[in-house]
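Peer 1: Starting off with a structure, shown below.
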Amino acid sequence: MSSADTPTPPTPPTSKQSESPDGREARDSSLNEVALSAKGLVCRRGVGSEVFELRVDELNLYAGEVLVILGPNGAGKSTLLRALAGLERSANRRSIRGGAGPVTLVFQRPAALSGSAEFNVRAALLSKRMPKAERRERVADALARFDIAPLAKHDARTLSGGELRRLALARAFVLKPKVLLLDEPFDDLDAEGQRILSFDLQRAIADTKVAVAMVTHDLRRALLLADRIAVLADGELVQHGLCDDVLLRPDSPEIARTVGMINLASGRVRRRAEGVSWIEIEEGFEVPTATDLEVGSEAWIGIRPEHLKLDVGRGDGQSIGKAVVESLASDGLATVVTLRVRDHRFTTHLLSGRGLARRLRPGDPVSLAVRPDQVHARPTAPSRTHS
Amino acid sequence: MSGEEIQLLAEITFRTLWVCGSALVLALLVGVPVGIILGSRRFVARGLLVSSVNAGMGAPPVVVGLIGSILLARSGPFGGYDLLYTPYAMILTSTAIALPLVIGLTLASVGSLDEEWDLQVRTLGIGRGWRLWLLVREIRMGLLAAVIAAMGGILSEVGATNMVGGNIAGETRVLTTAIMMHTSMGEYEVALSQAAVLSGNMLLLAGLLTWIQQSGRAR
């Protein structure tokens, strides 16, 4: 997300061609078949005042497609995965319908069966009837796909976290699943491990046309694989659709924060001219948006960090005023710059080691600019009670 | 030792192994499934059952013998079966002593598995029977420990077997009760030879089980 204008990764072309703002419609009209669907799903956990309820009106998983489920801690992401896997006792089972074929879940901390890595994969086929040769071949394929063949004879309980994760994926893929559910697949892996795993996964998904639903905290890693995004909050599916629809057009400030649109503010629409509405955040601080808004109404805006520009010279966006650099932090690739405009704090990303990223120091004055079409805006919802 | 004495010793030893072996098998047949259920299911009375199992693991054999005697006595609720002072009474009380050990250790080894173990195996679409097989396989070290503990409990205790068996020569006399009797009569030589046989058996079995345990661990 450090450099590109569009934060979406390369994804299968099908998901990009849709003009429809609603991902579901676009999907339904495509050729991909529904691999698993949840309709009117309800799960209830806990007792008394600690009751947690998960409600999903409708959610479909499509063959060959990756759905990334995002949401703050405790939003019900893992519960949703378990319900989809048929493992959640409190779920109304009839609400979940699958096409033909296995549905399997790879847990956040996969449990190794005692025995060799190869045994772990073979065990998944225990209750399947098939000729010996086929069994052997499927096990060998699965081991090779996730690069554990060299570890086949090793005791599974001596494997490292990354190896165990790959073993669990091999154990899942040996079933030739129609639906694969992944709970935090990149958790606890180092950068290299994450890179290898996402590469292997991407290939496995493309090869097998499996439908994948993935829960993760790691937005950047998830976006490398994602076709669609679903956002959960407080046990409710608050938005879901194609990547761009959710990333660039979140329905609420909470969703915006979850999907990384972290520059948020609100104000009143002051004027409208040439297809641009100007929203006054504070006196003398106005932000333009291409979204059509009624003059005089209240609205909130969201700008992705990569869309907030510093010190632009020639016409790339509209200048919106001066800011002061508060802090800089680099992860080697991207430099995260925190800025202050009066009482508001904004964040932008620069490529590390070049130009501005090298010159800027805390306390420096900079000017901010945005392109109106990259400023997301929505009328402020009438204040609703939120538990 | 005369031939007659050796014959007598062999007879007592044989009966000891038979009684203890039966009790062990019974305790395992009942205790392992109960331990697995208590360890893997959550239900209302579970806490109560688990604490009574834990209490049972420390129950004094003499108390078990006393309760067994009362239950099996002619006037007792199971008096009609005429079991008191028979090897079957001994098997029953030995089973009662070993059962909490088997349940407790099975329960503990199921509990030491990953909390999500069952869910993780279930999501692989493995059928019920194979899941149980995998579970037993996974806790086999714990089960072996349960066998060793139950064996030790049954072979070494003397109070209960003496009370419900009665140490009747040729019928319910086993090595432990015989040793106790000969010791009290001052016949240390006989007692010592019987003690040697008992300890020898115990060592042999413990050695065998340990060997199985070690070779299992190395795999």
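The chains in the structure tokens are called A, B, ... from first to last as shown; in each chain the residues are counted from 1, and the ligands are counted from 1 in the order shown.
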Starting from chain B, keep only residues with some atom at most 7 Å from an atom of chain A, counting only C-alpha atoms, and report them as a PyMOL selection string.

Peer 2: chain B and resi 114+117+119+123-124+126-127+130+138

Peer 1: Taking 5 positions as the minimum chain separation for residues in the same chain, which residues sit within 10 Å of segment 30-35 of chain B when counting only C-alpha atoms? Answer as a PDB file with all heavy atoms, in the first residue's frame.

Peer 2:
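part_33.pdb, written as the output of this step:
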```
ATOM      1  N   LEU B  24      -7.569 -55.466  36.405  1.00  0.00           N
ATOM      2  CA  LEU B  24      -6.940 -54.454  35.554  1.00  0.00           C
ATOM      3  C   LEU B  24      -7.734 -54.283  34.253  1.00  0.00           C
ATOM      4  O   LEU B  24      -8.058 -53.168  33.846  1.00  0.00           O
ATOM      5  CB  LEU B  24      -5.501 -54.861  35.245  1.00  0.00           C
ATOM      6  CG  LEU B  24      -4.714 -53.881  34.395  1.00  0.00           C
ATOM      7  CD1 LEU B  24      -4.511 -52.574  35.142  1.00  0.00           C
ATOM      8  CD2 LEU B  24      -3.371 -54.470  33.986  1.00  0.00           C
ATOM      9  N   VAL B  25      -8.066 -55.419  33.634  1.00  0.00           N
ATOM     10  CA  VAL B  25      -8.810 -55.363  32.373  1.00  0.00           C
ATOM     11  C   VAL B  25     -10.161 -54.675  32.576  1.00  0.00           C
ATOM     12  O   VAL B  25     -10.551 -53.790  31.816  1.00  0.00           O
ATOM     13  CB  VAL B  25      -9.000 -56.785  31.790  1.00  0.00           C
ATOM     14  CG1 VAL B  25      -9.991 -56.763  30.637  1.00  0.00           C
ATOM     15  CG2 VAL B  25      -7.659 -57.341  31.325  1.00  0.00           C
ATOM     16  N   SER B  40     -13.525 -34.939  27.423  1.00  0.00           N
ATOM     17  CA  SER B  40     -13.789 -34.243  26.176  1.00  0.00           C
ATOM     18  C   SER B  40     -15.164 -33.592  26.112  1.00  0.00           C
ATOM     19  O   SER B  40     -15.404 -32.750  25.266  1.00  0.00           O
ATOM     20  CB  SER B  40     -13.620 -35.200  24.987  1.00  0.00           C
ATOM     21  OG  SER B  40     -14.404 -36.351  25.169  1.00  0.00           O
ATOM     22  N   VAL B  50     -15.706 -35.239  38.258  1.00  0.00           N
ATOM     23  CA  VAL B  50     -14.243 -35.144  38.232  1.00  0.00           C
ATOM     24  C   VAL B  50     -13.689 -35.068  39.645  1.00  0.00           C
ATOM     25  O   VAL B  50     -12.702 -35.731  39.980  1.00  0.00           O
ATOM     26  CB  VAL B  50     -13.785 -33.925  37.389  1.00  0.00           C
ATOM     27  CG1 VAL B  50     -12.295 -33.696  37.542  1.00  0.00           C
ATOM     28  CG2 VAL B  50     -14.130 -34.138  35.924  1.00  0.00           C
ATOM     29  N   VAL B  53     -13.788 -38.453  41.208  1.00  0.00           N
ATOM     30  CA  VAL B  53     -12.709 -39.291  40.674  1.00  0.00           C
ATOM     31  C   VAL B  53     -11.397 -38.958  41.377  1.00  0.00           C
ATOM     32  O   VAL B  53     -10.652 -39.836  41.808  1.00  0.00           O
ATOM     33  CB  VAL B  53     -12.566 -39.100  39.144  1.00  0.00           C
ATOM     34  CG1 VAL B  53     -11.247 -39.683  38.659  1.00  0.00           C
ATOM     35  CG2 VAL B  53     -13.720 -39.750  38.419  1.00  0.00           C
ATOM     36  N   THR B  95     -10.883 -53.743  41.266  1.00  0.00           N
ATOM     37  CA  THR B  95     -11.330 -52.868  40.170  1.00  0.00           C
ATOM     38  C   THR B  95     -11.732 -51.512  40.720  1.00  0.00           C
ATOM     39  O   THR B  95     -11.372 -50.468  40.163  1.00  0.00           O
ATOM     40  CB  THR B  95     -12.534 -53.498  39.445  1.00  0.00           C
ATOM     41  OG1 THR B  95     -12.172 -54.805  39.010  1.00  0.00           O
ATOM     42  CG2 THR B  95     -12.945 -52.672  38.241  1.00  0.00           C
ATOM     43  N   ALA B  98      -8.677 -49.501  41.347  1.00  0.00           N
ATOM     44  CA  ALA B  98      -7.931 -49.065  40.156  1.00  0.00           C
ATOM     45  C   ALA B  98      -8.713 -48.092  39.291  1.00  0.00           C
ATOM     46  O   ALA B  98      -8.131 -47.262  38.604  1.00  0.00           O
ATOM     47  CB  ALA B  98      -7.543 -50.288  39.328  1.00  0.00           C
ATOM     48  N   LEU B  99     -10.045 -48.202  39.360  1.00  0.00           N
ATOM     49  CA  LEU B  99     -10.884 -47.415  38.455  1.00  0.00           C
ATOM     50  C   LEU B  99     -10.625 -45.903  38.510  1.00  0.00           C
ATOM     51  O   LEU B  99     -10.428 -45.275  37.465  1.00  0.00           O
ATOM     52  CB  LEU B  99     -12.362 -47.731  38.725  1.00  0.00           C
ATOM     53  CG  LEU B  99     -13.346 -47.342  37.629  1.00  0.00           C
ATOM     54  CD1 LEU B  99     -12.965 -47.973  36.304  1.00  0.00           C
ATOM     55  CD2 LEU B  99     -14.760 -47.763  38.026  1.00  0.00           C
ATOM     56  N   PRO B 100     -10.608 -45.302  39.710  1.00  0.00           N
ATOM     57  CA  PRO B 100     -10.356 -43.855  39.746  1.00  0.00           C
ATOM     58  C   PRO B 100      -8.991 -43.488  39.163  1.00  0.00           C
ATOM     59  O   PRO B 100      -8.849 -42.443  38.523  1.00  0.00           O
ATOM     60  CB  PRO B 100     -10.409 -43.511  41.239  1.00  0.00           C
ATOM     61  CG  PRO B 100     -11.135 -44.637  41.870  1.00  0.00           C
ATOM     62  CD  PRO B 100     -10.854 -45.851  41.042  1.00  0.00           C
ATOM     63  N   LEU B 101      -8.005 -44.364  39.360  1.00  0.00           N
ATOM     64  CA  LEU B 101      -6.675 -44.092  38.806  1.00  0.00           C
ATOM     65  C   LEU B 101      -6.737 -44.064  37.280  1.00  0.00           C
ATOM     66  O   LEU B 101      -6.188 -43.177  36.634  1.00  0.00           O
ATOM     67  CB  LEU B 101      -5.679 -45.166  39.252  1.00  0.00           C
ATOM     68  CG  LEU B 101      -5.302 -45.179  40.731  1.00  0.00           C
ATOM     69  CD1 LEU B 101      -4.546 -46.449  41.088  1.00  0.00           C
ATOM     70  CD2 LEU B 101      -4.457 -43.957  41.061  1.00  0.00           C
ATOM     71  N   VAL B 102      -7.431 -45.061  36.714  1.00  0.00           N
ATOM     72  CA  VAL B 102      -7.525 -45.130  35.256  1.00  0.00           C
ATOM     73  C   VAL B 102      -8.307 -43.931  34.719  1.00  0.00           C
ATOM     74  O   VAL B 102      -7.867 -43.252  33.786  1.00  0.00           O
ATOM     75  CB  VAL B 102      -8.201 -46.448  34.810  1.00  0.00           C
ATOM     76  CG1 VAL B 102      -8.418 -46.453  33.306  1.00  0.00           C
ATOM     77  CG2 VAL B 102      -7.358 -47.638  35.226  1.00  0.00           C
ATOM     78  N   ILE B 103      -9.459 -43.654  35.338  1.00  0.00           N
ATOM     79  CA  ILE B 103     -10.267 -42.516  34.870  1.00  0.00           C
ATOM     80  C   ILE B 103      -9.477 -41.221  35.000  1.00  0.00           C
ATOM     81  O   ILE B 103      -9.393 -40.423  34.065  1.00  0.00           O
ATOM     82  CB  ILE B 103     -11.590 -42.399  35.666  1.00  0.00           C
ATOM     83  CG1 ILE B 103     -12.458 -43.636  35.448  1.00  0.00           C
ATOM     84  CG2 ILE B 103     -12.360 -41.148  35.234  1.00  0.00           C
ATOM     85  CD1 ILE B 103     -13.738 -43.653  36.265  1.00  0.00           C
ATOM     86  N   GLY B 104      -8.864 -41.032  36.168  1.00  0.00           N
ATOM     87  CA  GLY B 104      -8.155 -39.781  36.436  1.00  0.00           C
ATOM     88  C   GLY B 104      -7.023 -39.529  35.452  1.00  0.00           C
ATOM     89  O   GLY B 104      -6.870 -38.427  34.922  1.00  0.00           O
ATOM     90  N   LEU B 105      -6.229 -40.570  35.187  1.00  0.00           N
ATOM     91  CA  LEU B 105      -5.087 -40.374  34.291  1.00  0.00           C
ATOM     92  C   LEU B 105      -5.524 -40.249  32.833  1.00  0.00           C
ATOM     93  O   LEU B 105      -4.923 -39.494  32.068  1.00  0.00           O
ATOM     94  CB  LEU B 105      -4.068 -41.517  34.466  1.00  0.00           C
ATOM     95  CG  LEU B 105      -3.326 -41.457  35.806  1.00  0.00           C
ATOM     96  CD1 LEU B 105      -2.528 -42.728  36.053  1.00  0.00           C
ATOM     97  CD2 LEU B 105      -2.403 -40.244  35.853  1.00  0.00           C
ATOM     98  N   THR B 106      -6.583 -40.960  32.451  1.00  0.00           N
ATOM     99  CA  THR B 106      -7.110 -40.805  31.087  1.00  0.00           C
ATOM    100  C   THR B 106      -7.623 -39.386  30.896  1.00  0.00           C
ATOM    101  O   THR B 106      -7.308 -38.712  29.918  1.00  0.00           O
ATOM    102  CB  THR B 106      -8.269 -41.790  30.833  1.00  0.00           C
ATOM    103  OG1 THR B 106      -7.821 -43.106  31.128  1.00  0.00           O
ATOM    104  CG2 THR B 106      -8.729 -41.733  29.396  1.00  0.00           C
ATOM    105  N   LEU B 107      -8.404 -38.963  31.876  1.00  0.00           N
ATOM    106  CA  LEU B 107      -8.973 -37.616  31.883  1.00  0.00           C
ATOM    107  C   LEU B 107      -7.880 -36.556  31.741  1.00  0.00           C
ATOM    108  O   LEU B 107      -7.985 -35.626  30.945  1.00  0.00           O
ATOM    109  CB  LEU B 107      -9.713 -37.451  33.210  1.00  0.00           C
ATOM    110  CG  LEU B 107     -10.383 -36.164  33.608  1.00  0.00           C
ATOM    111  CD1 LEU B 107     -11.552 -35.919  32.701  1.00  0.00           C
ATOM    112  CD2 LEU B 107     -10.865 -36.276  35.050  1.00  0.00           C
ATOM    113  N   ALA B 108      -6.812 -36.746  32.509  1.00  0.00           N
ATOM    114  CA  ALA B 108      -5.733 -35.757  32.480  1.00  0.00           C
ATOM    115  C   ALA B 108      -5.063 -35.726  31.111  1.00  0.00           C
ATOM    116  O   ALA B 108      -4.725 -34.649  30.606  1.00  0.00           O
ATOM    117  CB  ALA B 108      -4.702 -36.074  33.553  1.00  0.00           C
ATOM    118  N   SER B 109      -4.888 -36.907  30.489  1.00  0.00           N
ATOM    119  CA  SER B 109      -4.191 -36.869  29.207  1.00  0.00           C
ATOM    120  C   SER B 109      -5.092 -36.333  28.098  1.00  0.00           C
ATOM    121  O   SER B 109      -4.604 -35.690  27.177  1.00  0.00           O
ATOM    122  CB  SER B 109      -3.604 -38.234  28.844  1.00  0.00           C
ATOM    123  OG  SER B 109      -4.567 -39.240  28.983  1.00  0.00           O
ATOM    124  N   VAL B 110      -6.392 -36.560  28.206  1.00  0.00           N
ATOM    125  CA  VAL B 110      -7.303 -35.934  27.228  1.00  0.00           C
ATOM    126  C   VAL B 110      -7.279 -34.418  27.430  1.00  0.00           C
ATOM    127  O   VAL B 110      -7.234 -33.648  26.473  1.00  0.00           O
ATOM    128  CB  VAL B 110      -8.752 -36.456  27.375  1.00  0.00           C
ATOM    129  CG1 VAL B 110      -9.695 -35.677  26.470  1.00  0.00           C
ATOM    130  CG2 VAL B 110      -8.820 -37.927  27.023  1.00  0.00           C
ATOM    131  N   GLY B 111      -7.247 -34.015  28.703  1.00  0.00           N
ATOM    132  CA  GLY B 111      -7.239 -32.585  29.006  1.00  0.00           C
ATOM    133  C   GLY B 111      -5.975 -31.877  28.554  1.00  0.00           C
ATOM    134  O   GLY B 111      -5.988 -30.680  28.303  1.00  0.00           O
ATOM    135  N   VAL B 136      -7.235 -42.001  20.951  1.00  0.00           N
ATOM    136  CA  VAL B 136      -6.561 -43.010  21.779  1.00  0.00           C
ATOM    137  C   VAL B 136      -5.073 -43.052  21.424  1.00  0.00           C
ATOM    138  O   VAL B 136      -4.201 -43.117  22.289  1.00  0.00           O
ATOM    139  CB  VAL B 136      -7.210 -44.400  21.590  1.00  0.00           C
ATOM    140  CG1 VAL B 136      -6.370 -45.480  22.240  1.00  0.00           C
ATOM    141  CG2 VAL B 136      -8.613 -44.395  22.161  1.00  0.00           C
ATOM    142  N   LEU B 143      -2.292 -43.270  28.611  1.00  0.00           N
ATOM    143  CA  LEU B 143      -2.993 -44.523  28.892  1.00  0.00           C
ATOM    144  C   LEU B 143      -2.030 -45.547  29.485  1.00  0.00           C
ATOM    145  O   LEU B 143      -2.374 -46.300  30.399  1.00  0.00           O
ATOM    146  CB  LEU B 143      -3.632 -45.085  27.620  1.00  0.00           C
ATOM    147  CG  LEU B 143      -4.792 -44.267  27.052  1.00  0.00           C
ATOM    148  CD1 LEU B 143      -5.387 -44.960  25.840  1.00  0.00           C
ATOM    149  CD2 LEU B 143      -5.866 -44.065  28.116  1.00  0.00           C
ATOM    150  N   ALA B 146      -1.568 -44.840  32.931  1.00  0.00           N
ATOM    151  CA  ALA B 146      -2.747 -45.289  33.674  1.00  0.00           C
ATOM    152  C   ALA B 146      -2.655 -46.779  33.958  1.00  0.00           C
ATOM    153  O   ALA B 146      -2.954 -47.241  35.063  1.00  0.00           O
ATOM    154  CB  ALA B 146      -4.021 -44.975  32.879  1.00  0.00           C
TER     155      ALA B 146
END
```

Peer 1: What's around Leu92 of chain B at 12 Å? Count only C-alpha atoms, leave out sequence neighbours fewer than 2 positions away in its own chain, and write the answer as a ChimeraX atom specification.

Peer 2: /B:19-27,64-65,67-69,71-72,83-90,94-99,154,160-161,164-165

Peer 1: What does the file look like for those residues with C-alpha atoms, as a short mmCIF file (atom, residue, chain, number, x, y, z; two decimals), in the first residue's frame?

Peer 2:
```cif
data_model
loop_
_atom_site.label_atom_id
_atom_site.label_comp_id
_atom_site.auth_asym_id
_atom_site.auth_seq_id
_atom_site.Cartn_x
_atom_site.Cartn_y
_atom_site.Cartn_z
CA VAL B 19 -7.32 -61.83 40.01
CA CYS B 20 -5.16 -58.78 39.39
CA GLY B 21 -5.23 -59.22 35.63
CA SER B 22 -9.03 -59.44 35.56
CA ALA B 23 -9.34 -56.38 37.77
CA LEU B 24 -6.94 -54.45 35.55
CA VAL B 25 -8.81 -55.36 32.37
CA LEU B 26 -12.15 -54.44 33.95
CA ALA B 27 -10.81 -51.12 35.24
CA VAL B 64 -12.93 -49.70 49.85
CA GLY B 65 -12.64 -53.16 51.42
CA ILE B 67 -17.60 -50.85 51.84
CA GLY B 68 -17.15 -53.88 49.60
CA SER B 69 -17.66 -56.21 52.56
CA LEU B 71 -22.24 -54.47 50.10
CA LEU B 72 -21.37 -58.10 49.43
CA LEU B 83 -19.73 -63.23 46.35
CA LEU B 84 -18.08 -62.46 49.68
CA TYR B 85 -14.94 -64.53 50.27
CA THR B 86 -14.64 -65.48 46.59
CA PRO B 87 -12.02 -64.36 44.04
CA TYR B 88 -14.80 -62.42 42.30
CA ALA B 89 -15.24 -60.22 45.34
CA MET B 90 -11.50 -59.58 45.23
CA SER B 94 -9.48 -54.30 43.13
CA THR B 95 -11.33 -52.87 40.17
CA ALA B 96 -12.91 -50.28 42.44
CA ILE B 97 -9.45 -49.28 43.66
CA ALA B 98 -7.93 -49.06 40.16
CA LEU B 99 -10.88 -47.42 38.45
CA ILE B 154 -3.95 -53.50 42.44
CA ALA B 160 -9.32 -54.71 50.66
CA THR B 161 -8.52 -58.09 49.14
CA VAL B 164 -13.48 -59.36 51.01
CA GLY B 165 -11.45 -62.42 50.05
#
```

Peer 1: Select, from A:Ile320, A:Leu54, A:Ile205, A:Leu151, the residue with the minimum atom-to-atom distance to Gly40 of chain A, counting only C-alpha atoms.

Peer 2: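 Closest candidate: A:Leu54.
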
Peer 1: Find the residues around Leu144 of chain B up to 12 Å (only C-alpha atoms counted), leave out those fewer than 2 positions away in its own chain, and share them as a compact mmCIF listing (two decimals) with N, CA, C and O atoms, in the first residue's frame.

Peer 2:
```txt
# COMPACT_ATOMS: atom_id res chain seq x y z
N LEU B 28 -9.75 -50.96 33.05
CA LEU B 28 -9.43 -50.26 31.80
C LEU B 28 -10.67 -50.17 30.90
O LEU B 28 -10.93 -49.14 30.29
N VAL B 32 -11.27 -46.15 30.81
CA VAL B 32 -10.79 -45.38 29.66
C VAL B 32 -11.95 -44.65 28.96
O VAL B 32 -11.86 -43.44 28.75
N LEU B 101 -8.01 -44.36 39.36
CA LEU B 101 -6.67 -44.09 38.81
C LEU B 101 -6.74 -44.06 37.28
O LEU B 101 -6.19 -43.18 36.63
N VAL B 102 -7.43 -45.06 36.71
CA VAL B 102 -7.53 -45.13 35.26
C VAL B 102 -8.31 -43.93 34.72
O VAL B 102 -7.87 -43.25 33.79
N LEU B 105 -6.23 -40.57 35.19
CA LEU B 105 -5.09 -40.37 34.29
C LEU B 105 -5.52 -40.25 32.83
O LEU B 105 -4.92 -39.49 32.07
N THR B 106 -6.58 -40.96 32.45
CA THR B 106 -7.11 -40.81 31.09
C THR B 106 -7.62 -39.39 30.90
O THR B 106 -7.31 -38.71 29.92
N SER B 109 -4.89 -36.91 30.49
CA SER B 109 -4.19 -36.87 29.21
C SER B 109 -5.09 -36.33 28.10
O SER B 109 -4.60 -35.69 27.18
N VAL B 136 -7.24 -42.00 20.95
CA VAL B 136 -6.56 -43.01 21.78
C VAL B 136 -5.07 -43.05 21.42
O VAL B 136 -4.20 -43.12 22.29
N ARG B 137 -4.80 -42.95 20.13
CA ARG B 137 -3.42 -42.95 19.66
C ARG B 137 -2.67 -41.75 20.24
O ARG B 137 -1.52 -41.84 20.65
N GLU B 138 -3.37 -40.60 20.25
CA GLU B 138 -2.74 -39.37 20.71
C GLU B 138 -2.42 -39.43 22.21
O GLU B 138 -1.42 -38.88 22.65
N ILE B 139 -3.28 -40.10 22.98
CA ILE B 139 -3.07 -40.12 24.44
C ILE B 139 -2.45 -41.43 24.89
O ILE B 139 -2.52 -41.78 26.07
N ARG B 140 -1.85 -42.19 23.99
CA ARG B 140 -1.40 -43.53 24.37
C ARG B 140 -0.37 -43.53 25.49
O ARG B 140 -0.35 -44.43 26.32
N MET B 141 0.45 -42.50 25.56
CA MET B 141 1.43 -42.43 26.65
C MET B 141 0.72 -42.28 28.00
O MET B 141 1.09 -42.91 28.98
N GLY B 142 -0.29 -41.46 28.00
CA GLY B 142 -1.07 -41.26 29.22
C GLY B 142 -1.80 -42.54 29.61
O GLY B 142 -1.89 -42.88 30.80
N ALA B 146 -1.57 -44.84 32.93
CA ALA B 146 -2.75 -45.29 33.67
C ALA B 146 -2.66 -46.78 33.96
O ALA B 146 -2.95 -47.24 35.06
N VAL B 147 -2.21 -47.56 32.98
CA VAL B 147 -2.06 -49.01 33.16
C VAL B 147 -1.04 -49.30 34.27
O VAL B 147 -1.29 -50.10 35.17
N ILE B 148 0.08 -48.59 34.21
CA ILE B 148 1.13 -48.82 35.21
C ILE B 148 0.63 -48.46 36.61
O ILE B 148 0.81 -49.22 37.58
N ALA B 149 -0.04 -47.33 36.72
CA ALA B 149 -0.54 -46.90 38.02
C ALA B 149 -1.59 -47.87 38.55
O ALA B 149 -1.57 -48.25 39.74
N ALA B 150 -2.50 -48.29 37.68
CA ALA B 150 -3.57 -49.21 38.10
C ALA B 150 -2.97 -50.53 38.55
O ALA B 150 -3.35 -51.11 39.57
N MET B 151 -2.00 -51.01 37.78
CA MET B 151 -1.31 -52.25 38.10
C MET B 151 -0.67 -52.17 39.47
O MET B 151 -0.81 -53.07 40.30
N LEU B 205 6.67 -56.74 34.93
CA LEU B 205 5.59 -56.01 34.26
C LEU B 205 5.94 -54.54 34.07
O LEU B 205 5.75 -53.97 33.00
N ALA B 206 6.48 -53.94 35.14
CA ALA B 206 6.84 -52.53 35.05
C ALA B 206 7.89 -52.33 33.97
O ALA B 206 7.84 -51.39 33.19
N LEU B 208 8.38 -54.22 31.33
CA LEU B 208 7.76 -54.41 30.02
C LEU B 208 7.03 -53.14 29.57
O LEU B 208 7.19 -52.64 28.45
N LEU B 209 6.23 -52.60 30.52
CA LEU B 209 5.44 -51.41 30.18
C LEU B 209 6.34 -50.21 29.90
O LEU B 209 6.08 -49.42 28.99
N THR B 210 7.39 -50.09 30.70
CA THR B 210 8.31 -48.98 30.48
C THR B 210 8.96 -49.09 29.11
O THR B 210 9.14 -48.10 28.40
N TRP B 211 9.29 -50.35 28.75
CA TRP B 211 9.91 -50.56 27.44
C TRP B 211 8.96 -50.12 26.32
O TRP B 211 9.36 -49.42 25.39
N ILE B 212 7.69 -50.51 26.48
CA ILE B 212 6.69 -50.10 25.46
C ILE B 212 6.61 -48.58 25.41
O ILE B 212 6.61 -47.96 24.35
N GLN B 213 6.58 -47.99 26.60
CA GLN B 213 6.45 -46.54 26.69
C GLN B 213 7.63 -45.83 26.00
O GLN B 213 7.43 -44.92 25.22
N GLN B 214 8.82 -46.33 26.30
CA GLN B 214 10.01 -45.69 25.73
C GLN B 214 10.06 -45.84 24.21
O GLN B 214 10.37 -44.90 23.50
N GLY B 216 7.62 -46.26 22.30
CA GLY B 216 6.57 -45.43 21.73
C GLY B 216 7.00 -43.99 21.63
O GLY B 216 6.69 -43.30 20.67
N ARG B 217 7.72 -43.53 22.61
CA ARG B 217 8.15 -42.14 22.63
C ARG B 217 9.17 -41.85 21.53
O ARG B 217 9.19 -40.80 20.94
```

Peer 1: Between atom CA of Gly353 of chain A and atom CA of Gly332 of chain A, what is the spacing in Å?

Peer 2: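 A separation of 8.0 Å between them.
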
Peer 1: Going by DSSP on the backbone, which residues of segment 56-287 of chain A come out as alpha helix (DSSP H)? List them as a VMD selection string.

Peer 2: chain A and resid 77 to 84 117 to 123 132 to 145 161 to 173 191 to 208 219 to 225 243 to 248 253 to 258

Peer 1: Given the choices A:Ala117, A:Ala144, A:Leu224, A:Val68, which gets closest to Thr158 of chain A if the distance is worked out from only C-alpha atoms?

Peer 2: A:Ala117

Peer 1: Can you work out the spacing between atom CA of Ala191 of chain B and atom CA of Gly166 of chain B in Å, to one decimal?

Peer 2: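 Computing the Euclidean distance for atom CA of Ala191 of chain B and atom CA of Gly166 of chain B yields 17.7 Å.
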
Peer 1: Distance atom CA of Leu264 of chain A-atom CA of Gly302 of chain A, one decimal place?

Peer 2: 4.6 Å

Peer 1: Using DSSP on the backbone coordinates, identify all residues within segment 127-252 of chain A classified as strand (DSSP E); present the result as a list in words.

Peer 2: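 So the strand (DSSP E) residues in segment 127-252 of chain A would be Val179, Leu180, Leu181, Leu182, Asp183, Ala211, Val212, Ala213, Met214, Val215, Arg228, Ile229, Ala230, Val231, Leu232, Ala233, Glu236, Leu237, Val238, Gln239, His240, Gly241 and Leu242 of chain A.
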